[in-house]
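Peer 1: Here's a structure for you.
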Amino acid sequence: MRAVWLREFGGPEVLVPGDAPEPVAGPGQVLVEVAFANTTFVETQFRAGAPGPFRATPPLIPGNGVGGVISALGEGVDPGLAGQRVVTSTGGSGGYAQRVAADAAAVFAVPPSLELDAAVALLADGRTATGLVHATRVRPGDRVLVEAAAGGVGGLLVQLAKAAGAVVIGAAGGPAKVARVPGADVVVDYLAPDWAASLGEIDVVFDGVGGPIGATAFSLLRRGGRMAVYGLASGSWAEVSEEDASARGVSLVRSIGSPAELRAFTESALSEAAAGRLVPVIGQRFPLEKAADAHAAIESRTTVGKTLLVA
């Protein structure tokens with residue numbers, strides 16, 4: 001089969017298409033014919049050799065989220081899974097390929113009314129956004145600031161916070177991205193000088209940017225506010241300590257739940273999307289063999305919403 005290999009850490013060009021052994025569904029596993037593979041900012045950091053949540057040594061096939069149809073079952077797997085459309089994580093690697101073997105317990109059935117590409121876009125981002133809104137206890141009337149609001153997670157956070165009854169301020173970097181923020185009450189450009197000066201007090205901050213942007217957003221929180229720190233699109237985490245937060249009466253959220261809760265958040269996101277109440281933005285699609293171009297686009301900060309690979 002065809003796949004994309006990472007044989008050394010480096011720039012996007014180290015992602016090279018090539019042949020790979022056919023995966024086999026072992027006991028408790030299923031074989032998925034991949035239609036779409038997820039790509040994330042974290043994967044670009046891993047490819048570059050930066051520290052992160054996933055640690056492995058090349059050579060390997062990167063990619064941690066796919067969607068497709070189950071074509072084979074391993075020993076002990078429910079026969080009813082055969083032929084189902086599913087999305088699944090791969091355990092950290094193997095996703096940039098035409099086929100993957102995945103644990104049967106890790107797959108999520110895609111509702112009939114939901115397109116497969118949308119389900120893949122929600123696999124990681126929908127889980128994250130749903131969990132963050134739950135963990136920060138967004139309530140009706142809260143003033144919520146969503147950074148990177150034109151991104152995959154950010155766009156979903158805007159929708160979920162609005163559905164919870166909040167007043168949502170979306171912050172994005174540059175006019176092109178500001179124009180692509182879906183459904184916020186107010187949109188600001190965080191690349192502009194004094195971008196936060198007129199925003200007033202905020203109840204909840206979703207910090208997906210980090211660095212000075214995240215630190216500025218923290219300064220807007222009222223006493224009793226909540227800040228979810230989940231991303232570092234700027235290249236560094238916001239310099240906000242537990243001591244800083246405690247001194248101002250602010251709660252920091254850095255974890256969104258147990259494995260069982262994370263699964264429930266994914267199922268909730270898929271269900272909301274199937275009902276038309278949650279809509280992921282798929283801004284870019286690249287052929288599987290152009291994974292290097294997808295990574296370059298993400299790193300250039302020019303992407304909007306989710307970036308998918310088409311197998």
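Chain identifiers are assigned as A, B, and so on, following the order in which chains appear in the structure tokens; residues are numbered from 1 within each chain, and ligands are numbered from 1 in order of appearance.
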Need to verify the contact set: Gly155 in chain A, 7 Å, only C-alpha atoms, exclusion of same-chain residues closer than 5 positions in sequence. Can you return it as a ChimeraX atom specification?
Peer 2: /A:149-150,181-182,305
Peer 1: Check the DSSP output for the backbone and give back, as a PyMOL selection string, the residues of range 15-256 of chain A in strand (DSSP E or B).
Peer 2: chain A and resi 15-19+29-39+60+65-73+85-89+97+99-103+107-109+143-146+151+167-172+186-189+202-207+221-229+251-253
Peer 1: Write a file of the just-selected residues containing C-alpha atoms, as a PDB file, in the first residue's frame.
Peer 2:
ATOM      1  CA  LEU A  15       7.546  13.538   4.855  1.00  0.00           C
ATOM      2  CA  VAL A  16       8.097  11.283   1.848  1.00  0.00           C
ATOM      3  CA  PRO A  17       5.496   9.046   0.164  1.00  0.00           C
ATOM      4  CA  GLY A  18       6.412   5.430  -0.444  1.00  0.00           C
ATOM      5  CA  ASP A  19       5.328   1.833  -0.204  1.00  0.00           C
ATOM      6  CA  GLN A  29      -8.416  -5.148  15.878  1.00  0.00           C
ATOM      7  CA  VAL A  30     -10.125  -3.995  12.692  1.00  0.00           C
ATOM      8  CA  LEU A  31      -8.663  -3.015   9.319  1.00  0.00           C
ATOM      9  CA  VAL A  32      -9.834   0.380   8.078  1.00  0.00           C
ATOM     10  CA  GLU A  33      -9.717   1.441   4.427  1.00  0.00           C
ATOM     11  CA  VAL A  34      -8.724   5.062   4.951  1.00  0.00           C
ATOM     12  CA  ALA A  35     -10.644   7.767   3.094  1.00  0.00           C
ATOM     13  CA  PHE A  36      -9.411  10.762   5.124  1.00  0.00           C
ATOM     14  CA  ALA A  37      -6.570  11.305   7.585  1.00  0.00           C
ATOM     15  CA  ASN A  38      -6.494  14.062  10.167  1.00  0.00           C
ATOM     16  CA  THR A  39      -3.564  16.463  10.470  1.00  0.00           C
ATOM     17  CA  LEU A  60       7.605   5.496  11.054  1.00  0.00           C
ATOM     18  CA  GLY A  65      -6.622   9.952  13.275  1.00  0.00           C
ATOM     19  CA  VAL A  66      -8.426   8.457  10.277  1.00  0.00           C
ATOM     20  CA  GLY A  67     -11.839   7.755   8.874  1.00  0.00           C
ATOM     21  CA  GLY A  68     -12.959   5.055   6.492  1.00  0.00           C
ATOM     22  CA  VAL A  69     -14.730   1.717   6.120  1.00  0.00           C
ATOM     23  CA  ILE A  70     -13.879  -1.429   8.077  1.00  0.00           C
ATOM     24  CA  SER A  71     -12.784  -4.091   5.580  1.00  0.00           C
ATOM     25  CA  ALA A  72     -11.486  -6.887   7.824  1.00  0.00           C
ATOM     26  CA  LEU A  73     -11.848  -8.069  11.405  1.00  0.00           C
ATOM     27  CA  ARG A  85     -18.029   3.709   8.434  1.00  0.00           C
ATOM     28  CA  VAL A  86     -15.863   4.669  11.374  1.00  0.00           C
ATOM     29  CA  VAL A  87     -13.363   7.191  12.669  1.00  0.00           C
ATOM     30  CA  THR A  88     -10.571   6.147  14.985  1.00  0.00           C
ATOM     31  CA  SER A  89      -7.279   7.097  16.542  1.00  0.00           C
ATOM     32  CA  ALA A  97      -1.638   5.503   4.883  1.00  0.00           C
ATOM     33  CA  ARG A  99      -5.064   1.265   5.347  1.00  0.00           C
ATOM     34  CA  VAL A 100      -4.599   1.037   9.103  1.00  0.00           C
ATOM     35  CA  ALA A 101      -5.131  -1.608  11.756  1.00  0.00           C
ATOM     36  CA  ALA A 102      -6.795  -0.159  14.854  1.00  0.00           C
ATOM     37  CA  ASP A 103      -8.172  -1.476  18.118  1.00  0.00           C
ATOM     38  CA  VAL A 107     -13.453   3.090  16.754  1.00  0.00           C
ATOM     39  CA  PHE A 108     -16.491   5.379  16.614  1.00  0.00           C
ATOM     40  CA  ALA A 109     -19.363   4.603  14.275  1.00  0.00           C
ATOM     41  CA  ARG A 143     -18.471  36.467  28.217  1.00  0.00           C
ATOM     42  CA  VAL A 144     -16.178  33.996  26.472  1.00  0.00           C
ATOM     43  CA  LEU A 145     -12.971  34.784  24.554  1.00  0.00           C
ATOM     44  CA  VAL A 146     -11.918  32.169  21.994  1.00  0.00           C
ATOM     45  CA  GLY A 151      -8.958  27.216  13.594  1.00  0.00           C
ATOM     46  CA  VAL A 167     -21.589  35.942  24.523  1.00  0.00           C
ATOM     47  CA  VAL A 168     -18.611  34.945  22.384  1.00  0.00           C
ATOM     48  CA  ILE A 169     -15.654  37.054  21.306  1.00  0.00           C
ATOM     49  CA  GLY A 170     -13.586  35.366  18.608  1.00  0.00           C
ATOM     50  CA  ALA A 171      -9.947  36.364  18.205  1.00  0.00           C
ATOM     51  CA  ALA A 172      -7.993  35.471  15.073  1.00  0.00           C
ATOM     52  CA  VAL A 186     -17.620  40.063  18.224  1.00  0.00           C
ATOM     53  CA  VAL A 187     -14.439  39.289  16.264  1.00  0.00           C
ATOM     54  CA  VAL A 188     -11.064  40.923  16.888  1.00  0.00           C
ATOM     55  CA  ASP A 189      -7.670  40.674  15.205  1.00  0.00           C
ATOM     56  CA  ILE A 202     -14.072  38.123  30.435  1.00  0.00           C
ATOM     57  CA  ASP A 203     -15.495  35.082  32.253  1.00  0.00           C
ATOM     58  CA  VAL A 204     -13.841  32.302  30.210  1.00  0.00           C
ATOM     59  CA  VAL A 205     -10.743  32.254  28.012  1.00  0.00           C
ATOM     60  CA  PHE A 206      -9.934  29.418  25.635  1.00  0.00           C
ATOM     61  CA  ASP A 207      -6.191  29.805  25.038  1.00  0.00           C
ATOM     62  CA  LEU A 221     -10.313  37.572  33.278  1.00  0.00           C
ATOM     63  CA  ARG A 222     -12.478  38.724  36.144  1.00  0.00           C
ATOM     64  CA  ARG A 223     -12.234  37.157  39.608  1.00  0.00           C
ATOM     65  CA  GLY A 224     -13.908  33.767  39.406  1.00  0.00           C
ATOM     66  CA  GLY A 225     -13.023  33.438  35.731  1.00  0.00           C
ATOM     67  CA  ARG A 226     -11.756  30.293  34.055  1.00  0.00           C
ATOM     68  CA  MET A 227      -8.931  29.852  31.555  1.00  0.00           C
ATOM     69  CA  ALA A 228      -8.471  26.697  29.510  1.00  0.00           C
ATOM     70  CA  VAL A 229      -4.876  26.358  28.300  1.00  0.00           C
ATOM     71  CA  SER A 251      -9.138  28.768  37.688  1.00  0.00           C
ATOM     72  CA  LEU A 252      -6.765  27.189  35.163  1.00  0.00           C
ATOM     73  CA  VAL A 253      -7.937  24.172  33.158  1.00  0.00           C
TER      74      VAL A 253
END
Peer 1: Which residues of range 200-266 of chain A come within 8 Å of range 129-134 of chain A, and what is each one's closest atom pair and distance in Å (one decimal), counting only C-alpha atoms, sorted by chain and residue number, as a tab-separated table?
Peer 2:
residue	atom	partner	partner_atom	distance
A:Phe206	CA	A:Leu132	CA	7.9
A:Ala228	CA	A:Leu132	CA	6.8
A:Ile256	CA	A:Gly131	CA	5.3
A:Gly257	CA	A:Gly131	CA	7.2
A:Leu262	CA	A:Gly131	CA	7.1
A:Phe265	CA	A:Thr130	CA	5.7
A:Thr266	CA	A:Thr130	CA	7.7
Peer 1: Let's have the selection written as a compact mmCIF listing (two decimals), in the first residue's frame, with N, CA and C atoms.
Peer 2:
# COMPACT_ATOMS: atom_id res chain seq x y z
N PHE A 206 -10.45 30.64 26.25
CA PHE A 206 -9.93 29.42 25.63
C PHE A 206 -8.64 29.79 24.92
N ALA A 228 -8.88 28.00 30.01
CA ALA A 228 -8.47 26.70 29.51
C ALA A 228 -7.24 26.88 28.64
N ILE A 256 -8.96 17.78 30.37
CA ILE A 256 -10.41 17.80 30.16
C ILE A 256 -11.11 16.50 30.53
N GLY A 257 -10.39 15.49 30.99
CA GLY A 257 -11.13 14.32 31.43
C GLY A 257 -10.39 13.01 31.32
N LEU A 262 -13.33 11.31 27.66
CA LEU A 262 -12.91 11.73 26.33
C LEU A 262 -13.71 11.00 25.25
N PHE A 265 -17.04 12.64 25.07
CA PHE A 265 -16.98 13.93 24.39
C PHE A 265 -16.95 13.75 22.87
N THR A 266 -16.21 12.74 22.40
CA THR A 266 -16.17 12.46 20.96
C THR A 266 -17.55 12.06 20.46
Peer 1: Using only C-alpha atoms, pick whichever of A:Ser268, A:Thr40, A:Ser241, A:Thr302 has the shortest atom-to-atom distance to Ala121 in chain A.
Peer 2: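 Going through A:Ser268, A:Thr40, A:Ser241, A:Thr302 one by one, the smallest distance to Ala121 in chain A is for A:Thr40.
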Peer 1: Write out as a count of residues only all residues of range 34-134 of chain A that backbone DSSP assigns to alpha helix (DSSP H).
Peer 2: 27
Peer 1: Restricting the calculation to only C-alpha atoms, which member of A:Ala106, A:Leu116, A:Ala197, A:Ala148 is positioned closest to Val310 in chain A?
Peer 2: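 With only C-alpha atoms as the atom set, the closest residue is A:Leu116.
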Peer 1: Enter the distance from CA of Arg277 in chain A to CA of Ala164 in chain A, in Å, rounded to one decimal.
Peer 2: 11.9 Å
Peer 1: Counting only C-alpha atoms, what are the residues of range 133-210 of chain A within 9 Å of range 236-240 of chain A, and for each of them which pair of atoms is the nearest and at what distance in Å, to one decimal? Sort the table by chain and rising number, as JSON lines.
Peer 2:
{"residue": "A:Asp207", "atom": "CA", "partner": "A:Ala238", "partner_atom": "CA", "distance": 8.1}
{"residue": "A:Gly208", "atom": "CA", "partner": "A:Trp237", "partner_atom": "CA", "distance": 8.9}
{"residue": "A:Val209", "atom": "CA", "partner": "A:Trp237", "partner_atom": "CA", "distance": 7.6}
{"residue": "A:Gly210", "atom": "CA", "partner": "A:Ala238", "partner_atom": "CA", "distance": 4.1}
Peer 1: So which one's closest to Leu6 in chain A, A:Ala56, A:Val304, A:Val77, A:Ala179? Using only C-alpha atoms, please.
Peer 2: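 When distances to Leu6 in chain A are compared using only C-alpha atoms, the smallest one comes from A:Ala56.
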Peer 1: For each of A:Ser246, A:Gly92, A:Phe41, A:Ala105, take the minimum atom-to-atom distance to Ser234 in chain A, counting only C-alpha atoms, then give the residue where this is smallest.
Peer 2: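 Closest residue, counting only C-alpha atoms: A:Phe41.
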Peer 1: Using only C-alpha atoms, find the one residue out of A:Pro79, A:Leu191, A:Pro140, A:Pro12 that sits nearest to Val178 in chain A.
Peer 2: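 Under the stated criterion, the closest residue is A:Leu191.
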Peer 1: Ranking A:Gln84, A:Ser271, A:Thr307, A:Ser93 by minimum distance to Lys290 in chain A and counting only C-alpha atoms, which one comes first?
Peer 2: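 Ranked by minimum distance to Lys290 in chain A, first place goes to A:Thr307.
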Peer 1: To one decimal in Å, tell me the separation between CA of Leu270 in chain A and CA of Ala119 in chain A.
Peer 2: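 According to the coordinates, CA of Leu270 in chain A and CA of Ala119 in chain A are separated by 6.5 Å.
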Peer 1: If I take CA of Tyr96 in chain A and CA of Glu289 in chain A, how far is one from the other in Å, to one decimal?
Peer 2: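 Going from CA of Tyr96 in chain A over to CA of Glu289 in chain A, I get 8.7 Å.
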